[in-house]
$ cat data.cif   # mmCIF, N, CA and C atoms
data_input
loop_
_atom_site.label_atom_id
_atom_site.label_comp_id
_atom_site.auth_asym_id
_atom_site.auth_seq_id
_atom_site.Cartn_x
_atom_site.Cartn_y
_atom_site.Cartn_z
N THR V 1 202.63 42.55 121.28
CA THR V 1 202.72 42.51 119.83
C THR V 1 202.36 43.85 119.25
N ASP V 2 202.90 44.12 118.10
CA ASP V 2 202.66 45.37 117.40
C ASP V 2 201.65 45.15 116.29
N GLU V 3 200.36 45.41 116.57
CA GLU V 3 199.32 45.17 115.59
C GLU V 3 199.06 46.44 114.79
N VAL V 4 198.92 46.27 113.49
CA VAL V 4 198.64 47.37 112.59
C VAL V 4 197.28 47.13 111.95
N SER V 5 196.46 48.18 111.92
CA SER V 5 195.15 48.05 111.30
C SER V 5 195.28 48.09 109.78
N LEU V 6 194.70 47.11 109.14
CA LEU V 6 194.70 47.06 107.68
C LEU V 6 193.49 47.79 107.09
N PHE V 7 192.60 48.27 107.94
CA PHE V 7 191.37 48.90 107.46
C PHE V 7 191.63 50.07 106.50
N PRO V 8 192.53 51.02 106.82
CA PRO V 8 192.76 52.11 105.87
C PRO V 8 193.30 51.61 104.53
N MET V 9 194.12 50.57 104.56
CA MET V 9 194.66 50.01 103.32
C MET V 9 193.57 49.30 102.52
N GLU V 10 192.66 48.64 103.23
CA GLU V 10 191.54 47.98 102.55
C GLU V 10 190.63 49.01 101.88
N ILE V 11 190.43 50.14 102.55
CA ILE V 11 189.63 51.23 101.97
C ILE V 11 190.32 51.75 100.71
N GLY V 12 191.64 51.91 100.76
CA GLY V 12 192.39 52.36 99.59
C GLY V 12 192.25 51.40 98.42
N LEU V 13 192.34 50.11 98.69
CA LEU V 13 192.20 49.12 97.62
C LEU V 13 190.78 49.11 97.06
N ALA V 14 189.78 49.27 97.93
CA ALA V 14 188.39 49.31 97.48
C ALA V 14 188.14 50.54 96.61
N LEU V 15 188.69 51.69 97.01
CA LEU V 15 188.53 52.90 96.21
C LEU V 15 189.24 52.79 94.87
N THR V 16 190.38 52.11 94.85
CA THR V 16 191.09 51.89 93.59
C THR V 16 190.23 51.06 92.64
N GLY V 17 189.66 49.97 93.14
CA GLY V 17 188.79 49.14 92.32
C GLY V 17 187.57 49.89 91.83
N LEU V 18 186.98 50.68 92.70
CA LEU V 18 185.82 51.48 92.33
C LEU V 18 186.17 52.48 91.24
N GLY V 19 187.30 53.16 91.42
CA GLY V 19 187.74 54.14 90.42
C GLY V 19 188.02 53.50 89.07
N MET V 20 188.66 52.34 89.10
CA MET V 20 188.94 51.65 87.84
C MET V 20 187.65 51.22 87.16
N GLY V 21 186.70 50.75 87.94
CA GLY V 21 185.42 50.34 87.38
C GLY V 21 184.65 51.50 86.79
N LEU V 22 184.70 52.66 87.44
CA LEU V 22 183.99 53.83 86.94
C LEU V 22 184.68 54.45 85.73
N ALA V 23 185.98 54.26 85.60
CA ALA V 23 186.73 54.87 84.50
C ALA V 23 186.69 54.06 83.22
N THR V 24 186.45 52.76 83.31
CA THR V 24 186.54 51.90 82.13
C THR V 24 185.50 52.26 81.07
N GLY V 25 184.27 52.46 81.44
CA GLY V 25 183.21 52.80 80.47
C GLY V 25 183.48 54.09 79.72
N PRO V 26 183.72 55.20 80.43
CA PRO V 26 184.02 56.45 79.71
C PRO V 26 185.28 56.37 78.85
N LEU V 27 186.28 55.63 79.32
CA LEU V 27 187.51 55.49 78.54
C LEU V 27 187.23 54.75 77.23
N MET V 28 186.46 53.68 77.30
CA MET V 28 186.09 52.95 76.08
C MET V 28 185.27 53.85 75.15
N GLY V 29 184.33 54.60 75.70
CA GLY V 29 183.52 55.51 74.90
C GLY V 29 184.35 56.56 74.21
N LEU V 30 185.33 57.11 74.91
CA LEU V 30 186.22 58.11 74.34
C LEU V 30 187.06 57.52 73.22
N ALA V 31 187.61 56.33 73.45
CA ALA V 31 188.47 55.69 72.44
C ALA V 31 187.68 55.30 71.20
N ILE V 32 186.54 54.70 71.40
CA ILE V 32 185.74 54.23 70.27
C ILE V 32 185.12 55.41 69.52
N GLY V 33 184.74 56.45 70.26
CA GLY V 33 184.15 57.63 69.62
C GLY V 33 185.15 58.45 68.82
N ALA V 34 186.44 58.24 69.05
CA ALA V 34 187.47 59.02 68.38
C ALA V 34 187.88 58.44 67.03
N VAL V 35 187.32 57.28 66.67
CA VAL V 35 187.70 56.64 65.41
C VAL V 35 186.44 56.38 64.58
N ALA V 36 186.66 56.10 63.29
CA ALA V 36 185.55 55.74 62.41
C ALA V 36 184.94 54.43 62.89
N SER V 37 183.65 54.24 62.60
CA SER V 37 182.94 53.07 63.12
C SER V 37 183.57 51.75 62.68
N HIS V 38 184.18 51.69 61.50
CA HIS V 38 184.78 50.43 61.07
C HIS V 38 186.09 50.14 61.81
N ARG V 39 186.59 51.09 62.61
CA ARG V 39 187.80 50.89 63.41
C ARG V 39 187.49 50.74 64.91
N ALA V 40 186.22 50.64 65.27
CA ALA V 40 185.84 50.56 66.68
C ALA V 40 186.43 49.34 67.38
N GLY V 41 186.46 48.21 66.69
CA GLY V 41 187.04 47.00 67.28
C GLY V 41 188.53 47.16 67.55
N THR V 42 189.23 47.79 66.63
CA THR V 42 190.66 48.03 66.80
C THR V 42 190.91 48.97 67.97
N ALA V 43 190.11 50.02 68.07
CA ALA V 43 190.26 50.97 69.17
C ALA V 43 190.00 50.28 70.51
N SER V 44 188.98 49.46 70.56
CA SER V 44 188.66 48.74 71.79
C SER V 44 189.80 47.79 72.18
N ALA V 45 190.35 47.10 71.18
CA ALA V 45 191.45 46.17 71.45
C ALA V 45 192.68 46.92 71.94
N LEU V 46 192.99 48.07 71.35
CA LEU V 46 194.15 48.85 71.79
C LEU V 46 193.99 49.35 73.22
N ILE V 47 192.78 49.77 73.57
CA ILE V 47 192.54 50.22 74.94
C ILE V 47 192.74 49.05 75.91
N ASN V 48 192.25 47.87 75.54
CA ASN V 48 192.42 46.71 76.41
C ASN V 48 193.88 46.31 76.55
N VAL V 49 194.65 46.39 75.46
CA VAL V 49 196.08 46.08 75.54
C VAL V 49 196.78 47.10 76.42
N ALA V 50 196.45 48.38 76.25
CA ALA V 50 197.06 49.42 77.08
C ALA V 50 196.70 49.24 78.55
N ARG V 51 195.45 48.87 78.81
CA ARG V 51 195.00 48.66 80.19
C ARG V 51 195.75 47.50 80.84
N MET V 52 195.89 46.41 80.11
CA MET V 52 196.58 45.24 80.66
C MET V 52 198.08 45.50 80.82
N THR V 53 198.67 46.21 79.88
CA THR V 53 200.08 46.57 80.00
C THR V 53 200.29 47.48 81.21
N GLY V 54 199.42 48.45 81.36
CA GLY V 54 199.51 49.34 82.52
C GLY V 54 199.33 48.60 83.83
N ALA V 55 198.40 47.67 83.87
CA ALA V 55 198.19 46.89 85.09
C ALA V 55 199.41 46.04 85.42
N THR V 56 200.00 45.43 84.40
CA THR V 56 201.19 44.60 84.62
C THR V 56 202.37 45.43 85.10
N LEU V 57 202.60 46.55 84.43
CA LEU V 57 203.69 47.43 84.86
C LEU V 57 203.42 48.02 86.23
N GLY V 58 202.16 48.33 86.51
CA GLY V 58 201.80 48.86 87.83
C GLY V 58 202.06 47.88 88.94
N VAL V 59 201.70 46.62 88.74
CA VAL V 59 201.97 45.59 89.75
C VAL V 59 203.47 45.44 89.97
N ALA V 60 204.25 45.45 88.88
CA ALA V 60 205.70 45.32 89.01
C ALA V 60 206.29 46.51 89.76
N LEU V 61 205.88 47.71 89.41
CA LEU V 61 206.41 48.91 90.05
C LEU V 61 206.00 48.98 91.52
N LEU V 62 204.73 48.73 91.80
CA LEU V 62 204.27 48.80 93.19
C LEU V 62 204.86 47.68 94.03
N SER V 63 205.14 46.53 93.42
CA SER V 63 205.83 45.46 94.14
C SER V 63 207.24 45.88 94.51
N ALA V 64 207.90 46.60 93.62
CA ALA V 64 209.24 47.11 93.93
C ALA V 64 209.18 48.12 95.06
N VAL V 65 208.20 49.01 95.03
CA VAL V 65 208.03 49.99 96.12
C VAL V 65 207.74 49.27 97.42
N PHE V 66 206.87 48.27 97.36
CA PHE V 66 206.52 47.47 98.55
C PHE V 66 207.75 46.83 99.16
N SER V 67 208.60 46.26 98.32
CA SER V 67 209.77 45.53 98.84
C SER V 67 210.84 46.46 99.37
N MET V 68 210.84 47.72 98.97
CA MET V 68 211.84 48.67 99.48
C MET V 68 211.65 48.96 100.96
N ALA V 69 210.44 48.79 101.47
CA ALA V 69 210.14 49.15 102.86
C ALA V 69 210.66 48.12 103.85
N HIS V 70 210.84 46.88 103.47
CA HIS V 70 211.34 45.80 104.32
C HIS V 70 210.39 45.42 105.46
N VAL V 71 209.26 46.10 105.60
CA VAL V 71 208.23 45.75 106.59
C VAL V 71 206.91 45.73 105.83
N ALA V 72 206.17 44.63 105.95
CA ALA V 72 204.97 44.44 105.13
C ALA V 72 203.97 45.59 105.26
N SER V 73 203.63 45.98 106.48
CA SER V 73 202.61 47.02 106.64
C SER V 73 203.08 48.36 106.10
N SER V 74 204.32 48.71 106.34
CA SER V 74 204.85 49.97 105.82
C SER V 74 204.97 49.91 104.31
N GLY V 75 205.37 48.77 103.77
CA GLY V 75 205.49 48.62 102.33
C GLY V 75 204.16 48.75 101.64
N LEU V 76 203.12 48.15 102.21
CA LEU V 76 201.79 48.24 101.61
C LEU V 76 201.30 49.67 101.65
N GLN V 77 201.52 50.34 102.75
CA GLN V 77 201.09 51.73 102.88
C GLN V 77 201.83 52.62 101.87
N LEU V 78 203.12 52.42 101.75
CA LEU V 78 203.92 53.19 100.81
C LEU V 78 203.50 52.91 99.37
N ALA V 79 203.27 51.65 99.04
CA ALA V 79 202.85 51.28 97.69
C ALA V 79 201.49 51.88 97.36
N LEU V 80 200.56 51.85 98.30
CA LEU V 80 199.23 52.43 98.06
C LEU V 80 199.30 53.94 97.88
N LEU V 81 200.11 54.61 98.69
CA LEU V 81 200.25 56.06 98.54
C LEU V 81 200.89 56.42 97.20
N PHE V 82 201.92 55.68 96.82
CA PHE V 82 202.58 55.93 95.55
C PHE V 82 201.62 55.65 94.39
N GLY V 83 200.91 54.54 94.45
CA GLY V 83 199.95 54.20 93.41
C GLY V 83 198.84 55.25 93.31
N GLY V 84 198.36 55.73 94.45
CA GLY V 84 197.33 56.77 94.45
C GLY V 84 197.83 58.06 93.83
N PHE V 85 199.08 58.40 94.15
CA PHE V 85 199.68 59.60 93.56
C PHE V 85 199.78 59.48 92.04
N ILE V 86 200.23 58.33 91.57
CA ILE V 86 200.34 58.10 90.13
C ILE V 86 198.96 58.17 89.46
N GLN V 87 197.94 57.63 90.12
CA GLN V 87 196.59 57.69 89.55
C GLN V 87 196.09 59.13 89.47
N LEU V 88 196.37 59.93 90.50
CA LEU V 88 195.95 61.33 90.46
C LEU V 88 196.67 62.09 89.36
N VAL V 89 197.96 61.85 89.19
CA VAL V 89 198.71 62.50 88.11
C VAL V 89 198.12 62.10 86.75
N GLY V 90 197.82 60.81 86.59
CA GLY V 90 197.21 60.35 85.35
C GLY V 90 195.86 60.98 85.09
N ALA V 91 195.06 61.14 86.14
CA ALA V 91 193.74 61.76 85.99
C ALA V 91 193.87 63.22 85.57
N VAL V 92 194.81 63.93 86.15
CA VAL V 92 195.02 65.34 85.78
C VAL V 92 195.48 65.44 84.33
N ILE V 93 196.40 64.58 83.93
CA ILE V 93 196.87 64.59 82.54
C ILE V 93 195.71 64.29 81.58
N LEU V 94 194.92 63.27 81.89
CA LEU V 94 193.79 62.92 81.03
C LEU V 94 192.78 64.05 80.96
N TRP V 95 192.51 64.70 82.09
CA TRP V 95 191.57 65.81 82.12
C TRP V 95 192.07 66.95 81.25
N ARG V 96 193.37 67.25 81.33
CA ARG V 96 193.94 68.33 80.53
C ARG V 96 193.92 68.01 79.03
N VAL V 97 194.13 66.75 78.69
CA VAL V 97 194.19 66.35 77.29
C VAL V 97 192.79 66.29 76.67
N THR V 98 191.80 65.87 77.44
CA THR V 98 190.46 65.67 76.89
C THR V 98 189.53 66.86 77.07
N THR V 99 189.93 67.84 77.86
CA THR V 99 189.08 69.02 78.07
C THR V 99 189.54 70.13 77.12
N PRO V 100 188.61 70.68 76.34
CA PRO V 100 189.00 71.75 75.43
C PRO V 100 189.55 72.96 76.20
N ALA V 101 190.57 73.58 75.65
CA ALA V 101 191.15 74.77 76.28
C ALA V 101 190.16 75.94 76.18
N MET V 102 190.21 76.81 77.16
CA MET V 102 189.35 77.98 77.17
C MET V 102 189.68 78.86 75.96
N GLY V 103 188.67 79.25 75.21
CA GLY V 103 188.87 80.16 74.09
C GLY V 103 189.31 79.49 72.80
N ARG V 104 189.53 78.20 72.83
CA ARG V 104 189.94 77.49 71.60
C ARG V 104 188.71 77.23 70.76
N ASP V 105 188.85 77.43 69.45
CA ASP V 105 187.73 77.16 68.54
C ASP V 105 187.43 75.68 68.51
N SER V 106 186.14 75.32 68.40
CA SER V 106 185.79 73.91 68.35
C SER V 106 185.72 73.37 66.97
#

$ encode --input "data.cif" --output "structure tokens"
Amino acid sequence: TDEVSLFPMEIGLALTGLGMGLATGPLMGLAIGAVASHRAGTASALINVARMTGATLGVALLSAVFSMAHVASSGLQLALLFGGFIQLVGAVILWRVTTPAMGRDS
């Protein structure tokens, strides 16, 4: 039989969950801090809607990537790599948007 270790994939899923858990607090703080205090509830709700929409679209997209492989272990590996790449791109974009440019007046 051809056995494939799921351990690296389990590590990837655990790191994804850890990253999402660590990002939620600062993201909420950034969103709520960017609006007037009487709009904090609206900002929080919009972040939650965006998070849930992103999660739904992410599951759909990664499921499509998974099914393209036609082999479960290869599909899971491909989906995790693609998802990780998308997360890294998102992190770089967020870092660039939220970090003040060098030499820009505050």

$ residues_around --input "data.cif" --residues "Leu62 (chain V)" --least-positions-apart "3" --cutoff "8 Å" --atoms "only N, CA and C atoms" --output "list of chain:residue names"
V:Thr56, V:Leu57, V:Gly58, V:Val59, V:Val65, V:Phe66, V:Ser67, V:Met68, V:Gly75, V:Leu78, V:Ala79, V:Leu80, V:Phe82, V:Gly83

$ resolve_selection --input "data.cif" --expression "the PyMOL selection byres (((chain V and resi 45-52 and name CA) around 12) and name CA)" --output "ChimeraX atom specification"
/V:20,23-32,35,39-44,53-59

$ atom_distance --input "data.cif" --atom1 "atom C of Ile86 (chain V)" --atom2 "atom N of Ala36 (chain V)"
29.0 Å

$ closest_residue --input "data.cif" --among "V:Pro100, V:Ala34, V:Ser73, V:Gly21" --to "Leu6 (chain V)" --atoms "all atoms listed in the file"
V:Ser73

$ select_by_dssp --input "data.cif" --residues "chain V" --states "helix (DSSP H, G or I)" --output "PyMOL selection string"
chain V and resi 7-33+37-68+72-98

$ atom_distance --input "data.cif" --atom1 "CA of Gly84 (chain V)" --atom2 "atom C of Leu15 (chain V)"
9.0 Å

$ atom_distance --input "data.cif" --atom1 "atom N of Gly33 (chain V)" --atom2 "atom C of Thr98 (chain V)"
13.3 Å

$ axis_aligned_box --input "data.cif" --around "region 68-81 of chain V" --padding-each-side "6 Å" --output "AutoDock Vina command-line options"
--center_x 205.5 --center_y 50.4 --center_z 101.9 --size_x 24.6 --size_y 24.0 --size_z 21.4
